[in-house]
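To be precise, the following lines are data12.txt, and they hold compact mmCIF, C-alpha atoms.
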```txt
# COMPACT_ATOMS: atom_id res chain seq x y z
CA MET A 767 -5.90 6.63 -49.36
CA LYS A 768 -3.56 3.75 -48.51
CA ARG A 769 -1.43 6.08 -46.46
CA LEU A 770 -4.46 7.37 -44.59
CA LEU A 771 -5.56 3.80 -43.81
CA SER A 772 -2.04 3.01 -42.60
CA VAL A 773 -2.07 6.02 -40.30
CA ILE A 774 -5.49 5.03 -38.94
CA ALA A 775 -4.26 1.47 -38.36
CA VAL A 776 -1.22 2.74 -36.46
CA VAL A 777 -3.36 5.06 -34.32
CA LEU A 778 -5.76 2.22 -33.53
CA TYR A 779 -2.87 -0.10 -32.63
CA VAL A 780 -1.32 2.48 -30.32
CA SER A 781 -4.72 3.14 -28.72
CA VAL A 782 -5.37 -0.55 -28.15
CA SER A 783 -1.86 -1.04 -26.75
CA ALA A 784 -2.28 1.88 -24.39
CA TYR A 785 -5.71 0.64 -23.34
CA SER A 786 -4.36 -2.86 -22.65
CA GLN A 787 -1.92 -1.30 -20.19
CA SER A 788 -4.62 0.76 -18.49
CA LEU A 789 -6.59 -0.20 -15.44
CA THR A 790 -10.14 -1.36 -15.74
CA GLN A 791 -12.68 0.60 -13.74
CA ALA A 792 -13.29 -2.56 -11.70
CA ASP A 793 -9.57 -2.66 -10.80
CA ARG A 794 -9.61 0.96 -9.77
CA ASP A 795 -12.81 0.57 -7.73
CA ARG A 796 -11.42 -2.49 -5.97
CA ALA A 797 -8.22 -0.73 -4.95
CA MET A 798 -10.09 2.40 -3.83
CA LYS A 799 -12.43 0.36 -1.64
CA TYR A 800 -9.43 -1.46 -0.16
CA LEU A 801 -7.64 1.81 0.57
CA GLU A 802 -10.77 3.17 2.26
CA SER A 803 -11.51 0.05 4.30
CA THR A 804 -7.93 -0.35 5.52
CA LYS A 805 -7.78 3.35 6.45
CA GLN A 806 -10.92 2.87 8.51
CA GLY A 807 -9.37 -0.23 10.05
CA VAL A 808 -6.43 1.80 11.37
CA LEU A 809 -8.72 4.53 12.70
CA ASP A 810 -11.08 2.06 14.39
CA ALA A 811 -8.22 0.09 15.97
CA THR A 812 -6.69 3.22 17.51
CA ALA A 813 -9.86 5.10 18.50
CA GLY A 814 -10.17 6.31 22.07
CA LEU A 815 -6.87 4.98 23.39
CA SER A 816 -5.36 6.43 26.55
CA ASP A 817 -1.66 7.35 26.80
CA ALA A 818 -1.05 4.12 28.73
CA GLN A 819 -2.73 2.09 26.01
CA TRP A 820 -0.88 3.85 23.19
CA ASN A 821 2.48 3.19 24.85
CA PHE A 822 2.00 -0.31 26.26
CA LYS A 823 4.52 -2.93 25.07
CA SER A 824 3.92 -6.62 25.56
CA ALA A 825 7.72 -7.12 25.68
CA PRO A 826 10.76 -4.82 25.48
CA ASP A 827 11.47 -5.87 21.88
CA ARG A 828 7.84 -5.45 20.74
CA TRP A 829 6.28 -2.31 19.33
CA SER A 830 3.57 -0.35 21.09
CA VAL A 831 0.37 0.72 19.32
CA ALA A 832 1.92 4.19 19.01
CA GLU A 833 5.00 2.76 17.28
CA VAL A 834 2.98 0.56 14.94
CA THR A 835 0.80 3.53 13.98
CA GLU A 836 3.87 5.66 13.29
CA HIS A 837 5.26 2.87 11.09
CA ILE A 838 2.01 2.65 9.11
CA ALA A 839 2.04 6.42 8.55
CA ALA A 840 5.71 6.52 7.56
CA ALA A 841 5.39 3.57 5.20
CA GLU A 842 2.49 5.13 3.30
CA GLY A 843 4.50 8.08 2.03
CA TYR A 844 7.68 6.02 1.64
CA LEU A 845 6.00 3.44 -0.60
CA ARG A 846 4.05 6.03 -2.60
CA GLY A 847 7.28 7.96 -3.20
CA MET A 848 8.86 4.78 -4.49
CA ILE A 849 5.95 4.32 -6.89
CA THR A 850 6.19 7.82 -8.33
CA GLU A 851 9.99 7.98 -8.47
CA LYS A 852 10.92 4.40 -9.40
CA VAL A 853 7.99 2.30 -10.57
CA MET A 854 6.49 4.86 -12.95
CA THR A 855 9.87 5.31 -14.68
CA ALA A 856 10.80 1.60 -14.73
CA PRO A 857 10.88 -0.64 -17.83
CA PRO A 858 7.65 -2.30 -18.97
CA ARG A 859 6.41 -5.38 -17.17
CA PRO A 860 7.72 -8.63 -18.71
CA GLU A 861 5.26 -10.03 -21.23
CA GLY A 862 3.19 -13.06 -20.43
CA GLU A 863 2.82 -12.48 -16.69
CA ASP A 864 -0.59 -13.08 -15.12
CA VAL A 865 -1.19 -9.71 -13.47
CA LYS A 866 -4.44 -10.85 -11.84
CA ALA A 867 -2.62 -13.71 -10.11
CA ILE A 868 0.06 -11.28 -8.90
CA ASP A 869 -2.66 -8.90 -7.66
CA GLU A 870 -4.08 -11.76 -5.58
CA MET A 871 -0.61 -12.66 -4.28
CA VAL A 872 -0.20 -9.12 -2.91
CA LEU A 873 -3.64 -9.20 -1.31
CA THR A 874 -2.94 -12.56 0.33
CA ALA A 875 0.75 -12.45 1.26
CA ILE A 876 1.21 -8.93 2.63
CA PRO A 877 -1.52 -8.99 5.32
CA ASP A 878 -0.41 -12.48 6.45
CA ARG A 879 1.04 -12.14 9.96
CA THR A 880 2.22 -15.76 10.23
CA GLN A 881 5.60 -14.68 8.87
CA HIS A 882 7.24 -11.80 10.70
CA ARG A 883 9.66 -9.46 8.95
CA GLN A 884 12.01 -6.76 10.17
CA ALA A 885 11.03 -3.26 9.11
CA PRO A 886 13.65 -1.48 6.99
CA GLU A 887 15.69 1.08 8.93
CA PRO A 888 13.97 4.18 7.42
CA LEU A 889 10.58 2.90 8.61
CA LYS A 890 11.44 2.00 12.20
CA PRO A 891 9.63 4.15 14.80
CA THR A 892 11.49 7.28 15.95
CA ASN A 893 8.54 9.42 17.10
CA ARG A 894 9.01 11.42 13.88
CA PHE A 895 5.42 12.75 13.98
CA GLY A 896 5.61 13.89 17.61
CA SER A 897 2.62 11.97 18.99
CA PRO A 898 0.19 9.19 18.11
CA GLN A 899 -2.28 11.87 17.00
CA GLY A 900 0.44 13.29 14.74
CA SER A 901 0.94 9.83 13.24
CA LEU A 902 -2.78 9.47 12.56
CA LYS A 903 -2.92 12.92 10.96
CA GLN A 904 0.05 12.06 8.76
CA PHE A 905 -1.52 8.73 7.85
CA THR A 906 -4.91 10.12 6.82
CA GLU A 907 -3.34 12.94 4.79
CA SER A 908 -0.93 10.55 3.12
CA ARG A 909 -3.71 8.04 2.38
CA ALA A 910 -5.68 10.81 0.67
CA GLN A 911 -2.66 11.41 -1.58
CA THR A 912 -2.45 7.68 -2.37
CA GLU A 913 -6.13 7.67 -3.31
CA ASP A 914 -5.63 10.75 -5.48
CA PHE A 915 -2.70 9.05 -7.22
CA LEU A 916 -4.87 6.00 -7.97
CA ARG A 917 -7.71 8.22 -9.17
CA THR A 918 -5.63 10.33 -11.56
CA HIS A 919 -3.25 7.85 -13.25
CA ASP A 920 -4.21 5.44 -16.02
CA ASP A 921 -0.80 3.91 -16.79
CA LEU A 922 -0.41 1.94 -13.56
CA ARG A 923 0.06 -1.35 -15.43
CA ALA A 924 2.76 -0.03 -17.75
CA HIS A 925 5.86 -0.41 -15.55
CA ALA A 926 7.05 -2.85 -12.89
CA ILE A 927 9.93 -3.30 -10.45
CA ASP A 928 11.18 -6.07 -8.18
CA SER A 929 9.40 -6.63 -4.87
CA PRO A 930 9.87 -8.62 -1.64
CA LEU A 931 7.39 -11.17 -3.04
CA GLY A 932 9.84 -12.39 -5.68
CA LYS A 933 7.72 -10.93 -8.49
CA LYS A 934 7.83 -7.63 -10.30
CA LEU A 935 4.94 -5.43 -9.18
CA ASP A 936 3.39 -2.70 -11.30
CA ALA A 937 2.24 0.60 -9.81
CA TYR A 938 -1.31 -0.67 -9.30
CA GLU A 939 0.01 -3.65 -7.35
CA TRP A 940 2.18 -1.36 -5.23
CA VAL A 941 -0.97 0.63 -4.38
CA LEU A 942 -2.57 -2.65 -3.28
CA PHE A 943 0.65 -3.32 -1.34
CA ILE A 944 0.25 -0.01 0.54
CA ALA A 945 -3.31 -0.87 1.59
CA ALA A 946 -2.34 -4.46 2.46
CA HIS A 947 0.59 -3.18 4.51
CA SER A 948 -1.72 -1.07 6.67
CA GLU A 949 -4.04 -4.06 7.06
CA ARG A 950 -1.08 -6.18 8.16
CA HIS A 951 -0.11 -3.72 10.86
CA THR A 952 -3.68 -3.11 11.97
CA LYS A 953 -3.66 -6.80 12.83
CA GLN A 954 -0.48 -6.12 14.81
CA ILE A 955 -2.26 -3.34 16.74
CA LEU A 956 -5.11 -5.73 17.54
CA GLU A 957 -2.56 -8.30 18.76
CA VAL A 958 -1.11 -5.71 21.16
CA LYS A 959 -4.59 -4.81 22.42
CA ALA A 960 -5.43 -8.50 22.93
CA ASP A 961 -2.48 -8.97 25.30
CA PRO A 962 -3.76 -9.89 28.79
CA ASN A 963 -1.64 -7.11 30.31
CA PHE A 964 -2.94 -4.40 27.97
CA PRO A 965 -4.17 -1.52 30.17
CA LYS A 966 -7.92 -1.40 30.71
CA ASN A 967 -7.91 2.37 30.35
```
Show the structure stored in the file as structure tokens.
Amino acid sequence: MKRLLSVIAVVLYVSVSAYSQSLTQADRDRAMKYLESTKQGVLDATAGLSDAQWNFKSAPDRWSVAEVTEHIAAAEGYLRGMITEKVMTAPPRPEGEDVKAIDEMVLTAIPDRTQHRQAPEPLKPTNRFGSPQGSLKQFTESRAQTEDFLRTHDDLRAHAIDSPLGKKLDAYEWVLFIAAHSERHTKQILEVKADPNFPKN
């Protein structure tokens, strides 16, 4: 009987530990809504553009809407691949960290356009998708895969790796990062469109 109770206690402990590393439904819903709203933001910002509008640059060293859209599409798969290949196999998150505070840091810092950063070489525009429409197709298909990943994994709090924010991010926070990254660059698209020399049609 004692042995049986010990086994039950161990099973309960493992279950509680696993649950504590799982996402809440509220977390999952929040991220899914953010992925959906930021996808729609990209689509709305690029809807109905002419070739001249897609390719307009406010300065030679600035990106066009077409280039920004390609970057958003390329980054989606690049970051998700990093999650599946590196984050999900990384060591556990350090104990004692306030994950909710780090969630909020991602949601605040990444969309903030007051600090400009250079894109890493693999994510610079090269017309890899052939056209702006190709970039949008790649983006929507890749975003669907990101949403499916969020929907089908429960252990997104279990592992964490270093990030540009100076904090280790778990897989859930990297999913937030993906959505926040597309929000950041949607703002960039809107900045291009707000330029006084942006073509009227």
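Ranking A:Gly900, A:Gly862, A:Pro930, A:Pro891 by their shortest atom-to-atom distance to His837 of chain A, with all atoms listed in the file included, puts A:Pro891 first.
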May I have the residues within 8 Å of Val834 of chain A as a list in words, using all atoms listed in the file and disregarding those fewer than 4 positions away in the same chain?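 Surrounding residues, per the criterion: Trp829, Ser830, Ile838, Pro891, His951, Gln954 and Ile955 of chain A.
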With distances taken over all atoms listed in the file, which of A:Asn821, A:Thr912, A:Ser816, A:Gln904 is nearest to Glu833 of chain A? A:Asn821
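Using all atoms listed in the file, the shortest contact distance between Ala832 of chain A and any of A:Arg794, A:Lys959, A:His925, A:Arg909 is found at A:Lys959.
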Per-axis box centre and lengths in Å around segment 829-847 of chain A, 6 Å margin per side, axis-aligned, as JSON:
```
{"center_x": 4.0, "center_y": 2.9, "center_z": 8.9, "size_x": 19.3, "size_y": 22.4, "size_z": 36.3}
```
Which distance in Å separates atom CA of Pro858 of chain A and atom CA of Asp928 of chain A, to one decimal?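 Atom CA of Asp928 of chain A lies 12.0 Å from atom CA of Pro858 of chain A.
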With distances taken over all atoms listed in the file, which of A:Leu801, A:Val941, A:Ala811, A:Ala841 is nearest to Pro886 of chain A?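 Selected residue with least distance to Pro886 of chain A: A:Ala841.
With all atoms listed in the file as the basis for measurement, A:Glu949 is the residue among A:Asp961, A:Asp936, A:Glu949, A:Glu913 that approaches Asp810 of chain A most closely.
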For Glu907 of chain A, please output as a list in words all residues within 10 Å (counting all atoms listed in the file; exclusion window: fewer than 4 positions along the same chain).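 Those residues are Ala839, Glu842, Gly843, Ser901, Leu902, Lys903, Gln911 and Thr912 of chain A.
The gap separating atom CA of Thr804 of chain A from atom CA of Arg883 of chain A is 20.1 Å, in Å to one decimal.
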Could you please give me, as an NGL selection string, the residues of protein, DNA or RNA lying at most 12 Å from (-0.7, -10.4, 7.3) in the coordinate frame of the file, considering all atoms listed in the file? :A and (871-883 or 943 or 945-955 or 957)
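Atom CA of Arg917 of chain A sits 11.9 Å away from atom CA of Lys799 of chain A.
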Skipping near chain neighbours, those fewer than 4 positions away, what residues fall within 12 Å of Pro860 of chain A using all atoms listed in the file, listed as number ranges by chain? A: 856, 864-865, 923-928, 933-936
Name all residues at most 8 Å from Leu845 of chain A (count all atoms listed in the file; drop same-chain ones fewer than 4 positions away) and give them as a list in words.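 Result of the neighbour search: Ala841, Ile849, Trp940 and Ile944 of chain A.
Each of A:Ala885, A:Met798, A:Leu931, A:Ile868 was checked against Ala910 of chain A using all atoms listed in the file; the smallest atom-to-atom distance is that of A:Met798.
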